[in-house]
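S.K.: Structure: model_31.cif, mmCIF, C-alpha atoms and all ligand atoms.
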```
data_protein
#
loop_
_atom_site.group_PDB
_atom_site.id
_atom_site.type_symbol
_atom_site.label_atom_id
_atom_site.label_comp_id
_atom_site.auth_asym_id
_atom_site.auth_seq_id
_atom_site.Cartn_x
_atom_site.Cartn_y
_atom_site.Cartn_z
ATOM 1 C CA MET A 15 -10.210 3.808 -33.597
ATOM 2 C CA LYS A 16 -7.717 1.213 -32.453
ATOM 3 C CA ALA A 17 -8.801 -0.749 -29.382
ATOM 4 C CA SER A 18 -6.965 0.685 -26.391
ATOM 5 C CA ARG A 19 -5.594 -1.624 -23.736
ATOM 6 C CA PRO A 20 -4.898 -1.022 -20.045
ATOM 7 C CA GLY A 21 -1.289 -1.044 -18.891
ATOM 8 C CA ARG A 22 1.115 0.125 -16.233
ATOM 9 C CA VAL A 23 4.204 2.256 -16.765
ATOM 10 C CA ILE A 24 7.253 0.281 -15.603
ATOM 11 C CA THR A 25 9.818 2.987 -16.258
ATOM 12 C CA ARG A 26 10.547 5.844 -18.594
ATOM 13 C CA PHE A 27 13.684 6.690 -20.521
ATOM 14 C CA GLY A 28 13.920 9.847 -22.520
ATOM 15 C CA SER A 29 10.633 10.415 -24.288
ATOM 16 C CA GLN A 30 9.653 6.741 -24.225
ATOM 17 C CA VAL A 31 8.101 4.512 -21.589
ATOM 18 C CA LEU A 32 7.907 0.772 -20.996
ATOM 19 C CA VAL A 33 4.341 -0.360 -20.441
ATOM 20 C CA GLU A 34 3.413 -3.701 -18.899
ATOM 21 C CA ASP A 35 0.189 -5.192 -20.243
ATOM 22 C CA GLU A 36 -2.293 -7.350 -18.337
ATOM 23 C CA ASP A 37 -0.403 -10.513 -19.280
ATOM 24 C CA GLY A 38 2.860 -9.175 -17.872
ATOM 25 C CA ARG A 39 4.379 -8.460 -21.293
ATOM 26 C CA VAL A 40 6.385 -5.261 -21.628
ATOM 27 C CA HIS A 41 5.991 -2.923 -24.616
ATOM 28 C CA ARG A 42 7.989 0.112 -25.631
ATOM 29 C CA CYS A 43 5.595 3.013 -26.098
ATOM 30 C CA THR A 44 5.639 6.662 -26.995
ATOM 31 C CA PRO A 45 3.195 8.855 -25.114
ATOM 32 C CA ARG A 46 1.008 11.142 -27.192
ATOM 33 C CA ARG A 47 2.557 14.580 -27.320
ATOM 34 C CA ARG A 48 0.104 16.111 -24.877
ATOM 35 C CA LEU A 49 0.909 13.364 -22.330
ATOM 36 C CA GLU A 50 4.541 14.218 -21.736
ATOM 37 C CA HIS A 51 4.425 13.816 -17.960
ATOM 38 C CA VAL A 52 3.810 10.078 -17.831
ATOM 39 C CA VAL A 53 5.423 8.793 -14.632
ATOM 40 C CA CYS A 54 6.564 5.447 -13.231
ATOM 41 C CA ASN A 55 3.597 3.306 -12.093
ATOM 42 C CA ASP A 56 1.015 5.373 -13.932
ATOM 43 C CA ALA A 57 -2.013 3.366 -15.034
ATOM 44 C CA VAL A 58 -2.464 4.118 -18.723
ATOM 45 C CA SER A 59 -4.372 3.256 -21.860
ATOM 46 C CA TRP A 60 -2.246 2.332 -24.856
ATOM 47 C CA HIS A 61 -2.474 0.527 -28.164
ATOM 48 C CA PRO A 62 0.083 -1.311 -30.268
ATOM 49 C CA GLU A 63 1.199 0.157 -33.593
ATOM 50 C CA PRO A 64 2.038 -1.959 -36.651
ATOM 51 C CA SER A 65 5.667 -0.762 -36.337
ATOM 52 C CA GLY A 66 5.928 -2.739 -33.081
ATOM 53 C CA ASP A 67 6.080 0.110 -30.592
ATOM 54 C CA GLY A 68 2.910 1.326 -28.918
ATOM 55 C CA VAL A 69 1.270 4.628 -28.213
ATOM 56 C CA VAL A 70 0.112 5.746 -24.766
ATOM 57 C CA THR A 71 -3.129 7.629 -25.266
ATOM 58 C CA ASP A 72 -4.352 8.293 -21.758
ATOM 59 C CA ILE A 73 -3.150 8.494 -18.161
ATOM 60 C CA HIS A 74 -5.752 7.275 -15.678
ATOM 61 C CA THR A 75 -6.492 9.525 -12.735
ATOM 62 C CA ARG A 76 -3.677 9.179 -10.185
ATOM 63 C CA GLY A 77 -4.388 8.128 -6.621
ATOM 64 C CA ASN A 78 -1.361 10.154 -5.546
ATOM 65 C CA LEU A 79 1.994 11.373 -6.812
ATOM 66 C CA LEU A 80 5.405 11.494 -5.177
ATOM 67 C CA GLU A 81 7.289 14.506 -6.445
ATOM 68 C CA ARG A 82 10.348 16.446 -5.456
ATOM 69 C CA VAL A 83 11.835 19.812 -6.167
ATOM 70 C CA ASP A 84 15.313 19.606 -7.666
ATOM 71 C CA PRO A 85 18.107 22.025 -6.692
ATOM 72 C CA ARG A 86 17.109 24.316 -9.592
ATOM 73 C CA GLY A 87 13.617 24.614 -8.122
ATOM 74 C CA GLN A 88 11.978 22.447 -10.772
ATOM 75 C CA ARG A 89 9.322 19.905 -9.855
ATOM 76 C CA LYS A 90 10.177 16.316 -10.714
ATOM 77 C CA ASN A 91 7.734 13.426 -10.653
ATOM 78 C CA ILE A 92 9.081 10.274 -9.038
ATOM 79 C CA ALA A 93 6.194 7.778 -9.007
ATOM 80 C CA ALA A 94 2.413 7.604 -9.019
ATOM 81 C CA ASN A 95 -0.188 5.473 -7.224
ATOM 82 C CA VAL A 96 2.006 4.593 -4.254
ATOM 83 C CA ASP A 97 0.571 2.978 -1.097
ATOM 84 C CA GLN A 98 3.760 3.182 0.939
ATOM 85 C CA VAL A 99 6.977 5.192 0.823
ATOM 86 C CA VAL A 100 10.007 3.475 2.336
ATOM 87 C CA VAL A 101 12.521 6.069 3.513
ATOM 88 C CA VAL A 102 15.889 4.316 3.480
ATOM 89 C CA THR A 103 18.701 5.488 5.732
ATOM 90 C CA ALA A 104 21.877 3.554 6.500
ATOM 91 C CA ALA A 105 24.902 3.303 8.742
ATOM 92 C CA ALA A 106 26.778 4.807 5.769
ATOM 93 C CA PRO A 107 26.396 7.320 4.221
ATOM 94 C CA ALA A 108 25.581 8.933 7.581
ATOM 95 C CA PRO A 109 21.844 9.472 8.054
ATOM 96 C CA SER A 110 20.359 12.936 7.713
ATOM 97 C CA TRP A 111 17.306 13.032 10.002
ATOM 98 C CA PRO A 112 16.138 16.432 8.685
ATOM 99 C CA LEU A 113 16.063 14.770 5.257
ATOM 100 C CA VAL A 114 13.838 12.017 6.697
ATOM 101 C CA ASP A 115 11.548 14.718 8.151
ATOM 102 C CA ARG A 116 11.258 16.356 4.720
ATOM 103 C CA TYR A 117 10.303 13.033 3.160
ATOM 104 C CA LEU A 118 7.701 12.518 5.879
ATOM 105 C CA VAL A 119 6.134 15.912 5.082
ATOM 106 C CA ALA A 120 5.758 14.842 1.447
ATOM 107 C CA ILE A 121 4.382 11.433 2.480
ATOM 108 C CA GLU A 122 1.806 12.931 4.874
ATOM 109 C CA ARG A 123 0.643 15.218 2.101
ATOM 110 C CA MET A 124 0.306 12.522 -0.600
ATOM 111 C CA PRO A 125 -1.007 10.762 1.511
ATOM 112 C CA ALA A 126 0.707 7.378 1.777
ATOM 113 C CA ARG A 127 1.961 5.092 4.521
ATOM 114 C CA ALA A 128 5.537 5.638 5.620
ATOM 115 C CA LEU A 129 8.122 3.034 6.616
ATOM 116 C CA ILE A 130 11.566 4.045 7.863
ATOM 117 C CA LEU A 131 14.491 1.713 7.198
ATOM 118 C CA TYR A 132 17.898 1.763 8.769
ATOM 119 C CA ASN A 133 19.873 -0.403 6.325
ATOM 120 C CA LYS A 134 23.454 -1.736 6.509
ATOM 121 C CA ALA A 135 22.723 -2.624 10.157
ATOM 122 C CA ASP A 136 25.654 -5.046 9.840
ATOM 123 C CA ARG A 137 28.043 -2.096 9.677
ATOM 124 C CA PRO A 138 29.406 -0.213 12.697
ATOM 125 C CA ASP A 139 27.302 2.835 13.478
ATOM 126 C CA PRO A 140 29.380 6.004 13.924
ATOM 127 C CA ASP A 141 26.645 7.507 16.145
ATOM 128 C CA PRO A 142 24.703 4.674 17.812
ATOM 129 C CA GLU A 143 23.012 6.900 20.423
ATOM 130 C CA GLY A 144 21.915 9.484 17.876
ATOM 131 C CA THR A 145 20.546 6.761 15.608
ATOM 132 C CA ALA A 146 18.677 5.027 18.419
ATOM 133 C CA ALA A 147 17.167 8.308 19.630
ATOM 134 C CA ALA A 148 16.035 9.331 16.144
ATOM 135 C CA LEU A 149 14.550 5.925 15.324
ATOM 136 C CA GLN A 150 12.762 5.701 18.687
ATOM 137 C CA GLY A 151 11.415 9.193 18.091
ATOM 138 C CA TYR A 152 9.850 8.141 14.790
ATOM 139 C CA GLU A 153 8.391 5.027 16.392
ATOM 140 C CA ALA A 154 6.869 7.150 19.168
ATOM 141 C CA LEU A 155 5.165 9.234 16.456
ATOM 142 C CA GLY A 156 3.616 6.049 15.057
ATOM 143 C CA TYR A 157 5.939 5.400 12.121
ATOM 144 C CA PRO A 158 7.113 1.820 11.687
ATOM 145 C CA VAL A 159 10.909 1.450 11.776
ATOM 146 C CA LEU A 160 13.013 -1.518 10.641
ATOM 147 C CA ARG A 161 16.726 -2.210 10.879
ATOM 148 C CA THR A 162 17.776 -4.211 7.836
ATOM 149 C CA SER A 163 20.894 -5.668 6.293
ATOM 150 C CA VAL A 164 21.266 -6.964 2.787
ATOM 151 C CA ALA A 165 24.600 -8.423 3.865
ATOM 152 C CA ASN A 166 23.319 -10.703 6.662
ATOM 153 C CA GLY A 167 19.566 -10.788 6.028
ATOM 154 C CA GLN A 168 18.540 -8.996 9.235
ATOM 155 C CA GLY A 169 15.017 -7.578 9.046
ATOM 156 C CA MET A 170 14.399 -8.812 5.503
ATOM 157 C CA GLU A 171 11.438 -11.027 6.402
ATOM 158 C CA ALA A 172 9.793 -8.192 8.308
ATOM 159 C CA LEU A 173 10.401 -5.932 5.322
ATOM 160 C CA GLN A 174 8.702 -8.409 2.994
ATOM 161 C CA ALA A 175 5.636 -8.416 5.227
ATOM 162 C CA PHE A 176 5.437 -4.615 4.916
ATOM 163 C CA LEU A 177 5.961 -4.709 1.149
ATOM 164 C CA ALA A 178 3.345 -7.378 0.449
ATOM 165 C CA MET A 179 0.626 -4.824 1.264
ATOM 166 C CA GLY A 180 0.608 -2.977 -2.046
ATOM 167 C CA THR A 181 2.871 -0.728 -4.067
ATOM 168 C CA SER A 182 5.865 0.777 -2.290
ATOM 169 C CA VAL A 183 8.678 3.067 -3.398
ATOM 170 C CA LEU A 184 12.213 3.154 -1.989
ATOM 171 C CA VAL A 185 13.593 6.654 -1.516
ATOM 172 C CA GLY A 186 16.675 8.100 0.158
ATOM 173 C CA GLN A 187 20.238 9.263 -0.234
ATOM 174 C CA SER A 188 22.423 7.766 -2.921
ATOM 175 C CA GLY A 189 24.274 4.675 -1.736
ATOM 176 C CA VAL A 190 22.052 3.645 1.184
ATOM 177 C CA GLY A 191 21.244 0.355 -0.555
ATOM 178 C CA LYS A 192 17.869 0.816 -2.280
ATOM 179 C CA SER A 193 18.800 -1.208 -5.372
ATOM 180 C CA SER A 194 20.590 -3.787 -3.216
ATOM 181 C CA LEU A 195 17.386 -4.296 -1.205
ATOM 182 C CA ILE A 196 15.452 -4.893 -4.422
ATOM 183 C CA GLN A 197 18.128 -7.276 -5.641
ATOM 184 C CA ALA A 198 17.881 -9.239 -2.380
ATOM 185 C CA LEU A 199 14.078 -9.426 -2.640
ATOM 186 C CA LEU A 200 14.103 -10.373 -6.321
ATOM 187 C CA PRO A 201 16.442 -13.265 -7.063
ATOM 188 C CA ASP A 202 15.804 -13.000 -10.819
ATOM 189 C CA LEU A 203 16.450 -9.263 -10.942
ATOM 190 C CA GLU A 204 19.455 -9.612 -13.252
ATOM 191 C CA ILE A 205 17.208 -11.240 -15.835
ATOM 192 C CA ARG A 206 14.634 -8.523 -15.333
ATOM 193 C CA ILE A 207 17.150 -5.681 -15.626
ATOM 194 C CA GLY A 208 18.691 -7.367 -18.665
ATOM 195 C CA ALA A 209 15.305 -7.611 -20.369
ATOM 196 C CA LEU A 210 14.439 -4.003 -19.582
ATOM 197 C CA SER A 211 17.845 -2.752 -20.751
ATOM 198 C CA GLU A 212 17.388 -4.616 -24.016
ATOM 199 C CA LEU A 213 13.983 -3.048 -24.574
ATOM 200 C CA SER A 214 15.200 0.436 -23.720
ATOM 201 C CA GLY A 215 18.503 0.063 -25.549
ATOM 202 C CA GLU A 216 20.321 1.264 -22.444
ATOM 203 C CA GLY A 217 22.704 -1.157 -20.797
ATOM 204 C CA ARG A 218 23.253 0.796 -17.627
ATOM 205 C CA HIS A 219 22.891 -0.548 -14.115
ATOM 206 C CA THR A 220 23.044 2.564 -11.943
ATOM 207 C CA THR A 221 19.686 3.851 -10.825
ATOM 208 C CA THR A 222 18.789 6.773 -13.056
ATOM 209 C CA ASN A 223 15.074 6.172 -13.614
ATOM 210 C CA ALA A 224 12.380 5.061 -11.206
ATOM 211 C CA THR A 225 11.389 1.482 -12.100
ATOM 212 C CA VAL A 226 8.660 -0.732 -10.676
ATOM 213 C CA TYR A 227 9.256 -4.435 -9.928
ATOM 214 C CA ARG A 228 6.709 -7.090 -8.949
ATOM 215 C CA LEU A 229 7.834 -8.982 -5.871
ATOM 216 C CA PRO A 230 7.508 -12.763 -5.456
ATOM 217 C CA CYS A 231 6.320 -12.097 -1.870
ATOM 218 C CA GLY A 232 3.413 -10.075 -3.294
ATOM 219 C CA GLY A 233 3.248 -6.344 -3.804
ATOM 220 C CA ALA A 234 5.235 -4.140 -6.128
ATOM 221 C CA LEU A 235 8.355 -2.145 -5.325
ATOM 222 C CA ILE A 236 9.698 0.929 -7.066
ATOM 223 C CA ASP A 237 13.426 1.685 -7.087
ATOM 224 C CA SER A 238 14.194 5.375 -7.412
ATOM 225 C CA PRO A 239 17.398 7.306 -8.075
ATOM 226 C CA GLY A 240 19.215 8.417 -4.931
ATOM 227 C CA VAL A 241 19.237 12.039 -3.882
ATOM 228 C CA ARG A 242 21.663 14.349 -2.133
ATOM 229 C CA ASP A 243 18.783 16.311 -0.788
ATOM 230 C CA PHE A 244 15.020 16.136 -0.972
ATOM 231 C CA SER A 245 12.560 18.930 -0.825
ATOM 232 C CA PRO A 246 8.811 18.300 -0.776
ATOM 233 C CA GLY A 247 6.760 20.039 -3.411
ATOM 234 C CA PRO A 248 5.758 23.642 -2.725
ATOM 235 C CA THR A 249 3.915 23.678 0.583
ATOM 236 C CA PRO A 250 1.973 26.711 1.785
ATOM 237 C CA GLN A 251 2.981 27.691 5.350
ATOM 238 C CA ARG A 252 -0.523 26.931 6.616
ATOM 239 C CA GLU A 253 -0.300 23.336 5.402
ATOM 240 C CA LEU A 254 3.212 22.607 6.574
ATOM 241 C CA ALA A 255 2.178 21.636 10.104
ATOM 242 C CA GLN A 256 -0.046 18.960 8.526
ATOM 243 C CA GLY A 257 3.162 17.197 7.519
ATOM 244 C CA PHE A 258 4.273 16.850 11.157
ATOM 245 C CA VAL A 259 1.949 14.448 12.993
ATOM 246 C CA GLU A 260 2.759 15.829 16.439
ATOM 247 C CA LEU A 261 2.040 19.410 15.313
ATOM 248 C CA ARG A 262 -1.078 18.416 13.422
ATOM 249 C CA THR A 263 -2.473 16.775 16.542
ATOM 250 C CA LEU A 264 -1.801 19.793 18.779
ATOM 251 C CA ALA A 265 -2.725 22.600 16.352
ATOM 252 C CA PRO A 266 -6.485 22.515 17.107
ATOM 253 C CA GLU A 267 -5.617 23.444 20.723
ATOM 254 C CA CYS A 268 -3.774 26.629 19.697
ATOM 255 C CA ARG A 269 -5.600 29.891 20.473
ATOM 256 C CA PHE A 270 -5.411 31.056 16.846
ATOM 257 C CA HIS A 271 -6.648 28.784 14.092
ATOM 258 C CA ASN A 272 -3.969 30.133 11.742
ATOM 259 C CA CYS A 273 -1.182 29.733 14.341
ATOM 260 C CA THR A 274 2.271 29.225 12.782
ATOM 261 C CA HIS A 275 3.531 27.780 16.099
ATOM 262 C CA THR A 276 6.356 30.292 16.292
ATOM 263 C CA VAL A 277 5.540 33.471 18.243
ATOM 264 C CA GLU A 278 1.803 33.336 18.905
ATOM 265 C CA PRO A 279 0.442 33.453 22.453
ATOM 266 C CA GLY A 280 -1.575 30.438 23.519
ATOM 267 C CA CYS A 281 0.300 28.107 21.147
ATOM 268 C CA ALA A 282 -0.177 24.472 22.184
ATOM 269 C CA VAL A 283 2.855 23.414 20.150
ATOM 270 C CA LYS A 284 5.209 25.829 21.937
ATOM 271 C CA ALA A 285 3.771 24.752 25.286
ATOM 272 C CA ALA A 286 4.372 21.087 24.432
ATOM 273 C CA LEU A 287 7.884 21.945 23.295
ATOM 274 C CA GLU A 288 8.647 23.665 26.600
ATOM 275 C CA GLN A 289 7.275 20.683 28.509
ATOM 276 C CA GLY A 290 9.449 18.295 26.514
ATOM 277 C CA ARG A 291 6.492 16.547 24.885
ATOM 278 C CA ILE A 292 7.763 17.419 21.403
ATOM 279 C CA ASP A 293 11.196 16.535 20.054
ATOM 280 C CA PRO A 294 13.144 19.809 19.587
ATOM 281 C CA ARG A 295 14.937 18.248 16.615
ATOM 282 C CA ARG A 296 11.639 17.717 14.810
ATOM 283 C CA TYR A 297 10.469 21.204 15.722
ATOM 284 C CA ALA A 298 13.703 22.609 14.254
ATOM 285 C CA SER A 299 12.942 20.740 11.009
ATOM 286 C CA TYR A 300 9.516 22.377 10.978
ATOM 287 C CA ARG A 301 11.007 25.855 11.494
ATOM 288 C CA THR A 302 13.542 25.369 8.697
ATOM 289 C CA LEU A 303 10.813 24.298 6.270
ATOM 290 C CA LEU A 304 8.549 27.108 7.438
ATOM 291 C CA GLU A 305 11.186 29.681 6.506
ATOM 292 C CA ALA A 306 11.439 28.187 3.021
ATOM 293 C CA ALA A 307 7.678 27.753 2.571
ATOM 294 C CA GLU A 308 5.323 30.009 0.657
ATOM 295 C CA ALA A 309 3.678 32.617 2.864
HETATM 296 N N1 LIG A 401 27.471 -3.736 4.391
HETATM 297 C C1 LIG A 401 26.382 -3.517 3.676
HETATM 298 N N2 LIG A 401 26.491 -2.950 2.443
HETATM 299 C C2 LIG A 401 25.368 -2.729 1.734
HETATM 300 C C3 LIG A 401 24.088 -3.080 2.242
HETATM 301 N N3 LIG A 401 23.155 -2.702 1.323
HETATM 302 C C4 LIG A 401 23.831 -2.155 0.300
HETATM 303 N N4 LIG A 401 25.165 -2.168 0.522
HETATM 304 C C5 LIG A 401 26.219 -1.643 -0.366
HETATM 305 O O1 LIG A 401 26.043 -0.246 -0.526
HETATM 306 C C6 LIG A 401 26.429 0.184 -1.824
HETATM 307 C C7 LIG A 401 25.357 1.018 -2.479
HETATM 308 O O2 LIG A 401 24.224 0.209 -2.709
HETATM 309 P P1 LIG A 401 23.088 0.555 -3.794
HETATM 310 O O3 LIG A 401 22.063 -0.505 -3.646
HETATM 311 O O4 LIG A 401 23.660 0.762 -5.141
HETATM 312 O O5 LIG A 401 22.558 1.951 -3.245
HETATM 313 P P2 LIG A 401 21.350 2.842 -3.835
HETATM 314 O O6 LIG A 401 20.608 3.372 -2.664
HETATM 315 O O7 LIG A 401 20.564 2.073 -4.822
HETATM 316 O O8 LIG A 401 22.132 4.036 -4.545
HETATM 317 P P3 LIG A 401 21.570 4.986 -5.738
HETATM 318 O O9 LIG A 401 21.084 4.132 -6.854
HETATM 319 O O10 LIG A 401 22.751 5.831 -6.114
HETATM 320 O O11 LIG A 401 20.491 5.801 -5.131
HETATM 321 C C8 LIG A 401 26.769 -1.088 -2.595
HETATM 322 O O12 LIG A 401 28.169 -1.231 -2.623
HETATM 323 C C9 LIG A 401 26.121 -2.192 -1.779
HETATM 324 O O13 LIG A 401 26.789 -3.407 -1.895
HETATM 325 C C10 LIG A 401 24.003 -3.691 3.538
HETATM 326 O O14 LIG A 401 22.925 -4.008 4.085
HETATM 327 N N5 LIG A 401 25.173 -3.875 4.205
HETATM 328 MG MG MG A 402 20.138 2.418 -6.798
HETATM 329 ZN ZN ZN A 403 0.423 26.981 17.630
#
```
Any chance you could put this one into structure tokens?
M.R.:
Amino acid sequence: MKASRPGRVITRFGSQVLVEDEDGRVHRCTPRRRLEHVVCNDAVSWHPEPSGDGVVTDIHTRGNLLERVDPRGQRKNIAANVDQVVVVTAAAPAPSWPLVDRYLVAIERMPARALILYNKADRPDPDPEGTAAALQGYEALGYPVLRTSVANGQGMEALQAFLAMGTSVLVGQSGVGKSSLIQALLPDLEIRIGALSELSGEGRHTTTNATVYRLPCGGALIDSPGVRDFSPGPTPQRELAQGFVELRTLAPECRFHNCTHTVEPGCAVKAALEQGRIDPRRYASYRTLLEAAEA
């Protein structure tokens, strides 16, 4: 038996992964055949082979897993062992608040902390009132919100304070500035990307694989490929309301314990909606997801 060593998966490309050892050195490894679903930021056991590359022999039990369902309905792992998910929106491309709600459902279910960013705050906002209302709504629900700009540095210190707390992952539409935020936080990123590209034999710079970076301010940050849409993993109807904090809080007051908050009499959610205590936009997001959810 070769002595196995602990490591962390930095990124994967094809069937191979890059594993960082305890001294911060990165090794190209092949997971054992039965371990094909190794994901970014997995804690693993591995051992070096005489050929130079290593073998990943074991994935340690995950604290949580961020996954998505792609347009073909297939589940895709994004990253494991995440303390905080940073949902990045921007002045451009125009924010999709229902998309943010879908991310929040996934985050509540992981569970992990959520942070909502409005990046490119230096750019003119095509819908300032809509943006302000949506962001205030999330704050009222207890989610932290930051307006940031890579271009002029706005909000970057506050962001660092949030990121120093553990391992975070940046998610959101393509082009909102996830990689640019990492670049701004990591002055030596070029070197890092260069070294990783050399190891992987891929010289590309666009974000195609989730990759974890250690930040000088403390904490680790995962860059992930942008999406056009995001759908949380399969969620049974009963559990969907758990992904909406305002519904989760009111549900125990509904007359029926299995209330779907749609047509039932004595529904505390519907009552709150009628009284304007719940944001109709958020409730609409719930209804859309409910229709798509498993009965
Ligand atoms: N004005 C302005 N432009 C920004 C800001 N942040 C990023 N950009 C620009 O937005 C574009 C997209 O940035 P990326 O960092 O590649 O976006 P991404 O979210 O990583 O995109 P994907 O990898 O496709 O998911 C680039 O041209 C950046 O220069 C910002 O705060 N202000
Ligand atoms: Mg990117
Ligand atoms: Zn109800």
S.K.: Hey, what comes out of the PyMOL selection byres (((chain A and resi 281) around 12) and not hetatm) on this file? Could you write it as a list of chain:residue names?
M.R.: A:Leu261, A:Leu264, A:Ala265, A:Pro266, A:Glu267, A:Cys268, A:Arg269, A:Phe270, A:His271, A:Asn272, A:Cys273, A:Thr274, A:His275, A:Thr276, A:Val277, A:Glu278, A:Pro279, A:Gly280, A:Ala282, A:Val283, A:Lys284, A:Ala285, A:Ala286, A:Leu287, A:Glu288
S.K.: Provide the atom CA of Val241 of chain A to atom CA of Gln187 of chain A distance in Å, to one decimal place.
M.R.: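 Distance reported for this atom pair: 4.7 Å.
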S.K.: Selection in question (the file shown): the PyMOL selection byres (((not hetatm)) within 8 of (chain A and resi 402)). Which residues does it include, as a PyMOL selection string?
M.R.: chain A and resi 188-189+191-194+220-222+237-240
S.K.: Find the residues of chain A that sit at most 12 Å from ligand LIG 401 (chain A); for each, write down the nearest two atoms and how far apart they are in Å, to one decimal. Count all atoms listed in the file. Sort by chain, then by number going up, and give it as CSV.
M.R.:
```
residue,atom,partner,partner_atom,distance
A:Val100,CA,A:LIG401,O6,11.7
A:Val101,CA,A:LIG401,O6,10.5
A:Val102,CA,A:LIG401,O6,7.8
A:Thr103,CA,A:LIG401,O6,8.9
A:Ala104,CA,A:LIG401,O14,8.0
A:Ala105,CA,A:LIG401,N5,8.5
A:Ala106,CA,A:LIG401,O1,8.1
A:Pro107,CA,A:LIG401,O1,8.9
A:Leu131,CA,A:LIG401,O14,10.7
A:Tyr132,CA,A:LIG401,O14,9.0
A:Asn133,CA,A:LIG401,O14,5.2
A:Lys134,CA,A:LIG401,O14,3.4
A:Ala135,CA,A:LIG401,O14,6.2
A:Asp136,CA,A:LIG401,N5,5.8
A:Arg137,CA,A:LIG401,N1,5.6
A:Pro138,CA,A:LIG401,N1,9.2
A:Asp139,CA,A:LIG401,N1,11.2
A:Arg161,CA,A:LIG401,O14,9.4
A:Thr162,CA,A:LIG401,O14,6.4
A:Ser163,CA,A:LIG401,O14,3.4
A:Val164,CA,A:LIG401,O14,3.6
A:Ala165,CA,A:LIG401,N5,4.6
A:Asn166,CA,A:LIG401,O14,7.2
A:Gly167,CA,A:LIG401,O14,7.8
A:Gln168,CA,A:LIG401,O14,8.4
A:Gly169,CA,A:LIG401,O14,10.0
A:Met170,CA,A:LIG401,O14,9.9
A:Val183,CA,A:LIG401,O6,12.0
A:Leu184,CA,A:LIG401,O6,8.4
A:Val185,CA,A:LIG401,O6,7.8
A:Gly186,CA,A:LIG401,O6,6.8
A:Gln187,CA,A:LIG401,O11,6.0
A:Ser188,CA,A:LIG401,O11,3.5
A:Gly189,CA,A:LIG401,O5,3.6
A:Val190,CA,A:LIG401,O6,4.1
A:Gly191,CA,A:LIG401,O3,3.3
A:Lys192,CA,A:LIG401,O6,3.8
A:Ser193,CA,A:LIG401,O3,3.8
A:Ser194,CA,A:LIG401,O3,3.6
A:Leu195,CA,A:LIG401,O3,6.5
A:Ile196,CA,A:LIG401,O3,8.0
A:Gln197,CA,A:LIG401,O3,8.1
A:Ala198,CA,A:LIG401,N3,9.2
A:Leu199,CA,A:LIG401,N3,12.0
A:Arg218,CA,A:LIG401,O9,11.5
A:His219,CA,A:LIG401,O9,8.8
A:Thr220,CA,A:LIG401,O9,5.7
A:Thr221,CA,A:LIG401,O9,4.2
A:Thr222,CA,A:LIG401,O9,7.1
A:Asn223,CA,A:LIG401,O9,9.3
A:Ala224,CA,A:LIG401,O9,9.8
A:Thr225,CA,A:LIG401,O9,11.3
A:Ile236,CA,A:LIG401,O7,11.2
A:Asp237,CA,A:LIG401,O7,7.5
A:Ser238,CA,A:LIG401,O11,6.7
A:Pro239,CA,A:LIG401,O11,4.5
A:Gly240,CA,A:LIG401,O11,2.9
A:Val241,CA,A:LIG401,O11,6.5
A:Arg242,CA,A:LIG401,O11,9.1
A:Asp243,CA,A:LIG401,O11,11.5
```
S.K.: Would you kindly translate the PyMOL selection byres (((chain A and resi 121-125) around 12) and not hetatm) into the concrete residues it picks from this file, as a CSV table (one decimal) with C-alpha atoms, keeping the file's coordinate frame?
M.R.:
```csv
chain,number,residue,atom,x,y,z
A,76,ARG,CA,-3.7,9.2,-10.2
A,77,GLY,CA,-4.4,8.1,-6.6
A,78,ASN,CA,-1.4,10.2,-5.5
A,79,LEU,CA,2.0,11.4,-6.8
A,80,LEU,CA,5.4,11.5,-5.2
A,81,GLU,CA,7.3,14.5,-6.4
A,82,ARG,CA,10.3,16.4,-5.5
A,93,ALA,CA,6.2,7.8,-9.0
A,94,ALA,CA,2.4,7.6,-9.0
A,95,ASN,CA,-0.2,5.5,-7.2
A,96,VAL,CA,2.0,4.6,-4.3
A,97,ASP,CA,0.6,3.0,-1.1
A,98,GLN,CA,3.8,3.2,0.9
A,99,VAL,CA,7.0,5.2,0.8
A,100,VAL,CA,10.0,3.5,2.3
A,101,VAL,CA,12.5,6.1,3.5
A,114,VAL,CA,13.8,12.0,6.7
A,115,ASP,CA,11.5,14.7,8.2
A,116,ARG,CA,11.3,16.4,4.7
A,117,TYR,CA,10.3,13.0,3.2
A,118,LEU,CA,7.7,12.5,5.9
A,119,VAL,CA,6.1,15.9,5.1
A,120,ALA,CA,5.8,14.8,1.4
A,126,ALA,CA,0.7,7.4,1.8
A,127,ARG,CA,2.0,5.1,4.5
A,128,ALA,CA,5.5,5.6,5.6
A,129,LEU,CA,8.1,3.0,6.6
A,130,ILE,CA,11.6,4.0,7.9
A,157,TYR,CA,5.9,5.4,12.1
A,182,SER,CA,5.9,0.8,-2.3
A,183,VAL,CA,8.7,3.1,-3.4
A,185,VAL,CA,13.6,6.7,-1.5
A,245,SER,CA,12.6,18.9,-0.8
A,246,PRO,CA,8.8,18.3,-0.8
A,247,GLY,CA,6.8,20.0,-3.4
A,248,PRO,CA,5.8,23.6,-2.7
A,249,THR,CA,3.9,23.7,0.6
A,250,PRO,CA,2.0,26.7,1.8
A,253,GLU,CA,-0.3,23.3,5.4
A,254,LEU,CA,3.2,22.6,6.6
A,255,ALA,CA,2.2,21.6,10.1
A,256,GLN,CA,0.0,19.0,8.5
A,257,GLY,CA,3.2,17.2,7.5
A,258,PHE,CA,4.3,16.8,11.2
A,259,VAL,CA,1.9,14.4,13.0
A,260,GLU,CA,2.8,15.8,16.4
A,262,ARG,CA,-1.1,18.4,13.4
```
S.K.: What does the distance from atom CA of Pro294 of chain A to atom CA of Val83 of chain A come to in Å, to one decimal?
M.R.: 25.8 Å
